[in-house]
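*Asks:* Right, I'll just put the structure down here and ask away after.
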Amino acid sequence: MTTKPISTRNDKCKNNKNKKDKGRAVVSWTGGKDGCLACYGAISEGFQVSYLLNFREIQRRSSHDINPDLLYAQAEALGIPLVQKDFISYEHEFKKTVRNLRDSREKIEGAVFGHIETHKNLVDRICGELGLELIMPLWQRNSEQIMNDLIDSGFEVILLSVKADLLGKEWLGRSIDETFICDLKKHNPSIDPCGENGEFHTFVIDGPLFKNKIKIMESEIVLRGGYWFLEISKFETEKK
(Lines give C-alpha, C1' and ligand atoms only; values in the text may rest on other atoms or scores of the structure.)
Protein backbone atom coordinates (compact mmCIF):
# COMPACT_ATOMS: atom_id res chain seq x y z
CA MET A 1 0.00 0.00 0.00
CA THR A 2 1.33 3.42 -0.96
CA THR A 3 1.12 5.86 1.96
CA LYS A 4 4.02 8.21 1.29
CA PRO A 5 3.25 11.75 2.58
CA ILE A 6 2.45 14.42 0.03
CA SER A 7 4.96 17.19 -0.58
CA THR A 8 3.64 20.74 -0.56
CA ARG A 9 5.80 21.99 -3.41
CA ASN A 10 3.60 23.62 -6.02
CA ASP A 11 5.92 22.59 -8.86
CA LYS A 12 5.92 18.96 -7.83
CA CYS A 13 3.87 17.58 -10.72
CA LYS A 14 6.00 19.42 -13.28
CA ASN A 15 8.81 16.98 -12.63
CA ASN A 16 6.85 13.79 -13.24
CA LYS A 17 8.74 13.10 -16.45
CA ASN A 18 11.79 12.44 -14.28
CA LYS A 19 9.91 9.94 -12.09
CA LYS A 20 9.55 6.23 -12.74
CA ASP A 21 6.19 5.31 -14.26
CA LYS A 22 4.37 3.36 -11.56
CA GLY A 23 1.46 2.29 -13.73
CA ARG A 24 -2.10 3.30 -14.54
CA ALA A 25 -4.67 3.85 -11.80
CA VAL A 26 -8.27 4.87 -11.18
CA VAL A 27 -9.37 7.27 -8.43
CA SER A 28 -12.43 6.93 -6.21
CA TRP A 29 -13.95 10.38 -6.74
CA THR A 30 -16.61 12.45 -4.95
CA GLY A 31 -15.43 15.91 -6.06
CA GLY A 32 -14.10 16.69 -2.59
CA LYS A 33 -10.71 17.56 -1.17
CA ASP A 34 -9.55 14.14 0.05
CA GLY A 35 -9.93 12.31 -3.25
CA CYS A 36 -8.48 15.25 -5.15
CA LEU A 37 -5.44 15.56 -2.87
CA ALA A 38 -4.92 11.78 -3.01
CA CYS A 39 -5.09 11.95 -6.82
CA TYR A 40 -2.49 14.73 -6.77
CA GLY A 41 -0.26 12.67 -4.50
CA ALA A 42 -0.54 9.59 -6.73
CA ILE A 43 0.27 11.55 -9.90
CA SER A 44 3.15 13.25 -8.11
CA GLU A 45 4.61 9.84 -7.24
CA GLY A 46 4.50 8.67 -10.85
CA PHE A 47 1.10 7.00 -11.28
CA GLN A 48 -0.92 7.75 -14.41
CA VAL A 49 -4.54 8.39 -13.48
CA SER A 50 -6.75 7.01 -16.25
CA TYR A 51 -10.24 7.51 -14.82
CA LEU A 52 -12.16 9.18 -12.01
CA LEU A 53 -14.80 6.79 -10.64
CA ASN A 54 -17.87 8.34 -9.01
CA PHE A 55 -20.56 6.20 -7.42
CA ARG A 56 -23.99 7.45 -6.31
CA GLU A 57 -26.11 5.46 -3.89
CA ILE A 58 -29.49 4.52 -5.36
CA GLN A 59 -31.42 3.94 -2.13
CA ARG A 60 -30.69 7.26 -0.46
CA ARG A 61 -29.10 10.62 -1.12
CA SER A 62 -25.91 11.09 0.87
CA SER A 63 -24.05 14.13 2.13
CA HIS A 64 -21.51 13.47 -0.66
CA ASP A 65 -24.05 13.93 -3.47
CA ILE A 66 -23.12 16.67 -5.92
CA ASN A 67 -24.70 17.94 -9.14
CA PRO A 68 -23.31 15.49 -11.75
CA ASP A 69 -22.58 18.37 -14.13
CA LEU A 70 -20.14 19.79 -11.58
CA LEU A 71 -18.26 16.49 -11.45
CA TYR A 72 -18.01 16.39 -15.23
CA ALA A 73 -16.74 19.99 -15.18
CA GLN A 74 -14.04 18.92 -12.71
CA ALA A 75 -13.08 15.97 -14.90
CA GLU A 76 -12.85 18.23 -17.96
CA ALA A 77 -10.75 20.73 -16.00
CA LEU A 78 -8.41 17.91 -14.96
CA GLY A 79 -8.34 16.27 -18.39
CA ILE A 80 -9.26 12.88 -16.86
CA PRO A 81 -12.38 10.96 -17.97
CA LEU A 82 -15.15 10.51 -15.39
CA VAL A 83 -17.12 7.28 -15.03
CA GLN A 84 -20.30 7.77 -12.99
CA LYS A 85 -22.38 4.82 -11.76
CA ASP A 86 -25.31 4.28 -9.42
CA PHE A 87 -24.89 1.59 -6.80
CA ILE A 88 -26.62 -0.51 -4.20
CA SER A 89 -23.32 -2.09 -3.17
CA TYR A 90 -20.29 0.21 -3.59
CA GLU A 91 -17.93 -2.76 -3.50
CA HIS A 92 -19.82 -4.68 -6.18
CA GLU A 93 -20.11 -1.67 -8.50
CA PHE A 94 -16.45 -0.67 -8.06
CA LYS A 95 -15.27 -4.17 -9.01
CA LYS A 96 -17.71 -4.36 -11.93
CA THR A 97 -16.57 -0.97 -13.27
CA VAL A 98 -12.87 -1.87 -13.15
CA ARG A 99 -13.53 -5.24 -14.79
CA ASN A 100 -15.54 -3.54 -17.55
CA LEU A 101 -12.69 -1.10 -18.17
CA ARG A 102 -10.24 -3.98 -18.39
CA ASP A 103 -12.58 -5.85 -20.74
CA SER A 104 -12.44 -2.79 -23.02
CA ARG A 105 -8.62 -3.17 -23.08
CA GLU A 106 -7.87 -0.52 -20.47
CA LYS A 107 -4.81 -1.31 -18.38
CA ILE A 108 -5.72 -0.64 -14.73
CA GLU A 109 -3.01 -1.50 -12.19
CA GLY A 110 -3.87 0.58 -9.13
CA ALA A 111 -6.70 2.32 -7.28
CA VAL A 112 -6.41 5.62 -5.40
CA PHE A 113 -8.54 6.39 -2.34
CA GLY A 114 -8.62 9.51 -0.18
CA HIS A 115 -9.40 7.68 3.07
CA ILE A 116 -7.68 8.87 6.23
CA GLU A 117 -8.97 6.64 9.04
CA THR A 118 -11.88 4.57 7.71
CA HIS A 119 -12.85 1.89 5.14
CA LYS A 120 -9.43 0.20 5.10
CA ASN A 121 -10.86 -3.34 5.18
CA LEU A 122 -13.21 -2.52 2.32
CA VAL A 123 -10.56 -1.13 -0.03
CA ASP A 124 -8.10 -3.88 0.93
CA ARG A 125 -10.70 -6.43 -0.14
CA ILE A 126 -11.57 -4.61 -3.38
CA CYS A 127 -7.95 -4.22 -4.46
CA GLY A 128 -7.02 -7.72 -3.35
CA GLU A 129 -9.74 -9.34 -5.45
CA LEU A 130 -8.94 -7.18 -8.49
CA GLY A 131 -5.17 -7.49 -8.17
CA LEU A 132 -4.80 -3.70 -7.89
CA GLU A 133 -2.16 -1.77 -6.01
CA LEU A 134 -3.86 0.10 -3.16
CA ILE A 135 -2.76 3.75 -3.18
CA MET A 136 -3.72 5.79 -0.09
CA PRO A 137 -1.52 8.91 0.18
CA LEU A 138 -3.53 10.36 3.11
CA TRP A 139 -3.85 7.22 5.22
CA GLN A 140 -3.46 7.88 8.98
CA ARG A 141 -1.94 11.29 8.43
CA ASN A 142 -2.58 14.20 10.77
CA SER A 143 -5.74 16.08 9.79
CA GLU A 144 -4.27 19.54 10.30
CA GLN A 145 -1.24 18.67 8.21
CA ILE A 146 -3.46 17.36 5.43
CA MET A 147 -5.38 20.64 5.40
CA ASN A 148 -2.16 22.65 5.40
CA ASP A 149 -0.84 20.57 2.49
CA LEU A 150 -4.11 21.18 0.63
CA ILE A 151 -3.73 24.94 1.01
CA ASP A 152 0.03 25.04 0.38
CA SER A 153 -0.36 22.97 -2.79
CA GLY A 154 -2.67 25.61 -4.24
CA PHE A 155 -6.06 23.89 -4.15
CA GLU A 156 -9.17 26.04 -3.86
CA VAL A 157 -11.90 24.23 -1.93
CA ILE A 158 -15.32 25.22 -0.62
CA LEU A 159 -17.70 23.62 1.89
CA LEU A 160 -20.66 22.13 0.06
CA SER A 161 -22.50 20.45 2.95
CA VAL A 162 -22.28 20.71 6.75
CA LYS A 163 -23.82 18.70 9.57
CA ALA A 164 -26.62 20.94 10.83
CA ASP A 165 -26.18 20.20 14.54
CA LEU A 166 -22.49 21.17 14.40
CA LEU A 167 -22.15 23.90 11.77
CA GLY A 168 -24.64 26.52 10.66
CA LYS A 169 -25.63 27.22 7.07
CA GLU A 170 -23.36 30.28 7.09
CA TRP A 171 -20.43 27.86 6.66
CA LEU A 172 -21.69 26.78 3.23
CA GLY A 173 -19.49 28.10 0.43
CA ARG A 174 -16.74 28.89 2.93
CA SER A 175 -13.25 28.55 1.42
CA ILE A 176 -10.66 26.38 3.09
CA ASP A 177 -7.94 28.94 3.63
CA GLU A 178 -5.23 29.82 6.15
CA THR A 179 -7.79 30.81 8.80
CA PHE A 180 -10.11 27.83 8.33
CA ILE A 181 -8.70 25.53 11.03
CA CYS A 182 -8.47 28.36 13.55
CA ASP A 183 -12.07 29.42 12.87
CA LEU A 184 -13.23 25.83 13.11
CA LYS A 185 -11.53 25.35 16.49
CA LYS A 186 -13.06 28.56 17.82
CA HIS A 187 -16.49 27.42 16.71
CA ASN A 188 -16.24 23.85 18.01
CA PRO A 189 -12.89 22.27 18.94
CA SER A 190 -14.35 18.75 18.71
CA ILE A 191 -14.74 18.98 14.93
CA ASP A 192 -12.02 17.19 12.99
CA PRO A 193 -10.16 19.65 10.71
CA CYS A 194 -10.72 17.31 7.74
CA GLY A 195 -14.34 16.61 8.61
CA GLU A 196 -13.33 12.97 8.97
CA ASN A 197 -16.40 12.20 11.09
CA GLY A 198 -18.82 13.55 8.50
CA GLU A 199 -18.97 17.07 9.95
CA PHE A 200 -18.67 18.64 6.51
CA HIS A 201 -18.02 17.79 2.86
CA THR A 202 -16.24 19.80 0.22
CA PHE A 203 -15.91 20.58 -3.47
CA VAL A 204 -12.67 21.48 -5.27
CA ILE A 205 -12.99 24.38 -7.70
CA ASP A 206 -9.34 24.83 -8.67
CA GLY A 207 -5.87 23.45 -8.06
CA PRO A 208 -2.46 22.64 -9.52
CA LEU A 209 -3.86 19.88 -11.75
CA PHE A 210 -6.74 22.01 -13.08
CA LYS A 211 -6.69 23.55 -16.56
CA ASN A 212 -9.92 25.46 -15.81
CA LYS A 213 -11.31 27.04 -12.66
CA ILE A 214 -14.94 26.42 -11.71
CA LYS A 215 -16.91 29.52 -10.71
CA ILE A 216 -20.19 29.16 -8.80
CA MET A 217 -22.84 31.49 -10.23
CA GLU A 218 -26.18 30.45 -8.67
CA SER A 219 -27.04 28.26 -5.69
CA GLU A 220 -29.57 27.75 -2.93
CA ILE A 221 -29.36 26.46 0.63
CA VAL A 222 -31.45 23.44 1.59
CA LEU A 223 -31.76 21.30 4.72
CA ARG A 224 -31.90 17.56 4.11
CA GLY A 225 -31.16 14.53 6.26
CA GLY A 226 -29.58 16.56 9.05
CA TYR A 227 -27.24 18.44 6.69
CA TRP A 228 -27.26 21.91 5.22
CA PHE A 229 -26.48 21.71 1.50
CA LEU A 230 -25.34 24.30 -1.01
CA GLU A 231 -27.27 23.18 -4.09
CA ILE A 232 -25.43 24.64 -7.08
CA SER A 233 -27.67 25.24 -10.09
CA LYS A 234 -25.43 27.38 -12.29
CA PHE A 235 -21.68 27.55 -12.73
CA GLU A 236 -19.07 28.56 -15.27
CA THR A 237 -15.58 27.34 -16.11
CA GLU A 238 -12.79 29.83 -16.63
CA LYS A 239 -9.61 28.96 -18.50
CA LYS A 240 -6.43 29.63 -16.56
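Within each chain, counting starts at residue 1; across the C-alpha coordinates, chains are named A, B, ... in the order shown, with ligands numbered 1 upward in that order.
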Quick one: residues within 10 Å of A:Phe155, only C-alpha atoms counted, chain neighbours fewer than 6 positions away excluded, as a VMD selection string?

*Replies:* chain A and resid 10 33 36 to 37 149 176 to 177 204 to 210

*Asks:* As a count of residues only, please: every residue in stretch 12-227 of chain A that DSSP puts in strand (DSSP E or B).

*Replies:* 59

*Asks:* As an NGL selection string, please: every residue in stretch 13-201 of chain A that DSSP puts in alpha helix (DSSP H).

*Replies:* :A and (33-44 or 68-78 or 90-103 or 120-130 or 143-152 or 180-187)

*Asks:* Neighbours of A:Lys85 within 10 Å (only C-alpha atoms; same-chain residues fewer than 4 positions away dropped), as a list in words?

*Replies:* Leu53, Asn54, Phe55, Arg56, Glu57, Ile58, Tyr90, Glu93, Phe94 and Thr97 of chain A

*Asks:* Using only C-alpha atoms, pick whichever of A:Gly23, A:Gly225, A:Ile88, A:Lys163 has the shortest atom-to-atom distance to A:Gln48.

*Replies:*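 Nearest to A:Gln48: A:Gly23.
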
*Asks:* Compare A:Leu138, A:Leu184, A:Ile214, A:Ile191 by their minimum atom-to-atom distance to A:Val157, counting only C-alpha atoms, and give me the closest one.

*Replies:*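 Looking at the shortest contact to A:Val157, the residue is A:Ile214.
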
*Asks:* With only C-alpha atoms as the atoms that count, which of A:Glu196, A:Phe47, A:Glu144, A:Pro189 lies nearest to A:Asp21?

*Replies:*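 Smallest distance to A:Asp21 is found for A:Phe47.
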
*Asks:* How many Å lie between atom CA of A:Leu71 and atom CA of A:Leu223, rounded to one decimal?

*Replies:*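 Spanning atom CA of A:Leu71 to atom CA of A:Leu223 is a straight-line distance of 21.6 Å.
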
*Asks:* So which residues touch A:Glu199 within 8 Å, counting only C-alpha atoms, skipping near sequence neighbours fewer than 2 positions away, as a ChimeraX atom specification?

*Replies:* /A:162-163,166-167,191-192,195-197,201

*Asks:* Rank nothing, just name the residue among A:Ile151, A:Val27, A:Val112, A:Val123 nearest to A:Tyr51, using only C-alpha atoms.

*Replies:*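 Of all the options, A:Val27 lies closest to A:Tyr51.
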
*Asks:* Pick out the closest residue to A:Met136 from this set: A:Glu117, A:Asp103, A:Glu218, A:Asp152. Count only C-alpha atoms.

*Replies:*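 Going through A:Glu117, A:Asp103, A:Glu218, A:Asp152 one by one, the smallest distance to A:Met136 is for A:Glu117.
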
*Asks:* Which of these, A:Gly114, A:Gly173, A:Gly32, A:Gly154, has the shortest distance to A:Pro137 once you count only C-alpha atoms?

*Replies:* A:Gly114

*Asks:* Just want the 8 Å neighbourhood of A:Glu231, counted on only C-alpha atoms, with same-chain residues fewer than 4 positions away dropped. Output as a list of chain:residue names.

*Replies:*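 Residues meeting the cut-off are A:Ile66, A:Asn67, A:Leu160, A:Ser219, A:Glu220, A:Ile221, A:Val222.
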
*Asks:* Please list as a PDB file with N, CA and C atoms, in the first residue's frame every residue within 9 Å of A:Met217, counting only C-alpha atoms and excluding residues in the same chain fewer than 3 positions away.

*Replies:*
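The resulting file, result-v6.pdb, is reproduced below:
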ATOM      1  N   ILE A 232     -25.932  23.763  -6.015  1.00  0.00           N
ATOM      2  CA  ILE A 232     -25.425  24.636  -7.078  1.00  0.00           C
ATOM      3  C   ILE A 232     -26.200  24.362  -8.366  1.00  0.00           C
ATOM      4  N   SER A 233     -26.852  25.390  -8.892  1.00  0.00           N
ATOM      5  CA  SER A 233     -27.674  25.236 -10.089  1.00  0.00           C
ATOM      6  C   SER A 233     -27.028  25.823 -11.337  1.00  0.00           C
ATOM      7  N   LYS A 234     -26.085  26.762 -11.131  1.00  0.00           N
ATOM      8  CA  LYS A 234     -25.432  27.377 -12.291  1.00  0.00           C
ATOM      9  C   LYS A 234     -23.969  27.645 -11.961  1.00  0.00           C
ATOM     10  N   PHE A 235     -23.108  27.306 -12.907  1.00  0.00           N
ATOM     11  CA  PHE A 235     -21.680  27.554 -12.727  1.00  0.00           C
ATOM     12  C   PHE A 235     -21.038  27.795 -14.089  1.00  0.00           C
ATOM     13  N   GLU A 236     -19.834  28.326 -14.051  1.00  0.00           N
ATOM     14  CA  GLU A 236     -19.068  28.557 -15.270  1.00  0.00           C
ATOM     15  C   GLU A 236     -17.657  28.017 -15.079  1.00  0.00           C
TER      16      GLU A 236
END
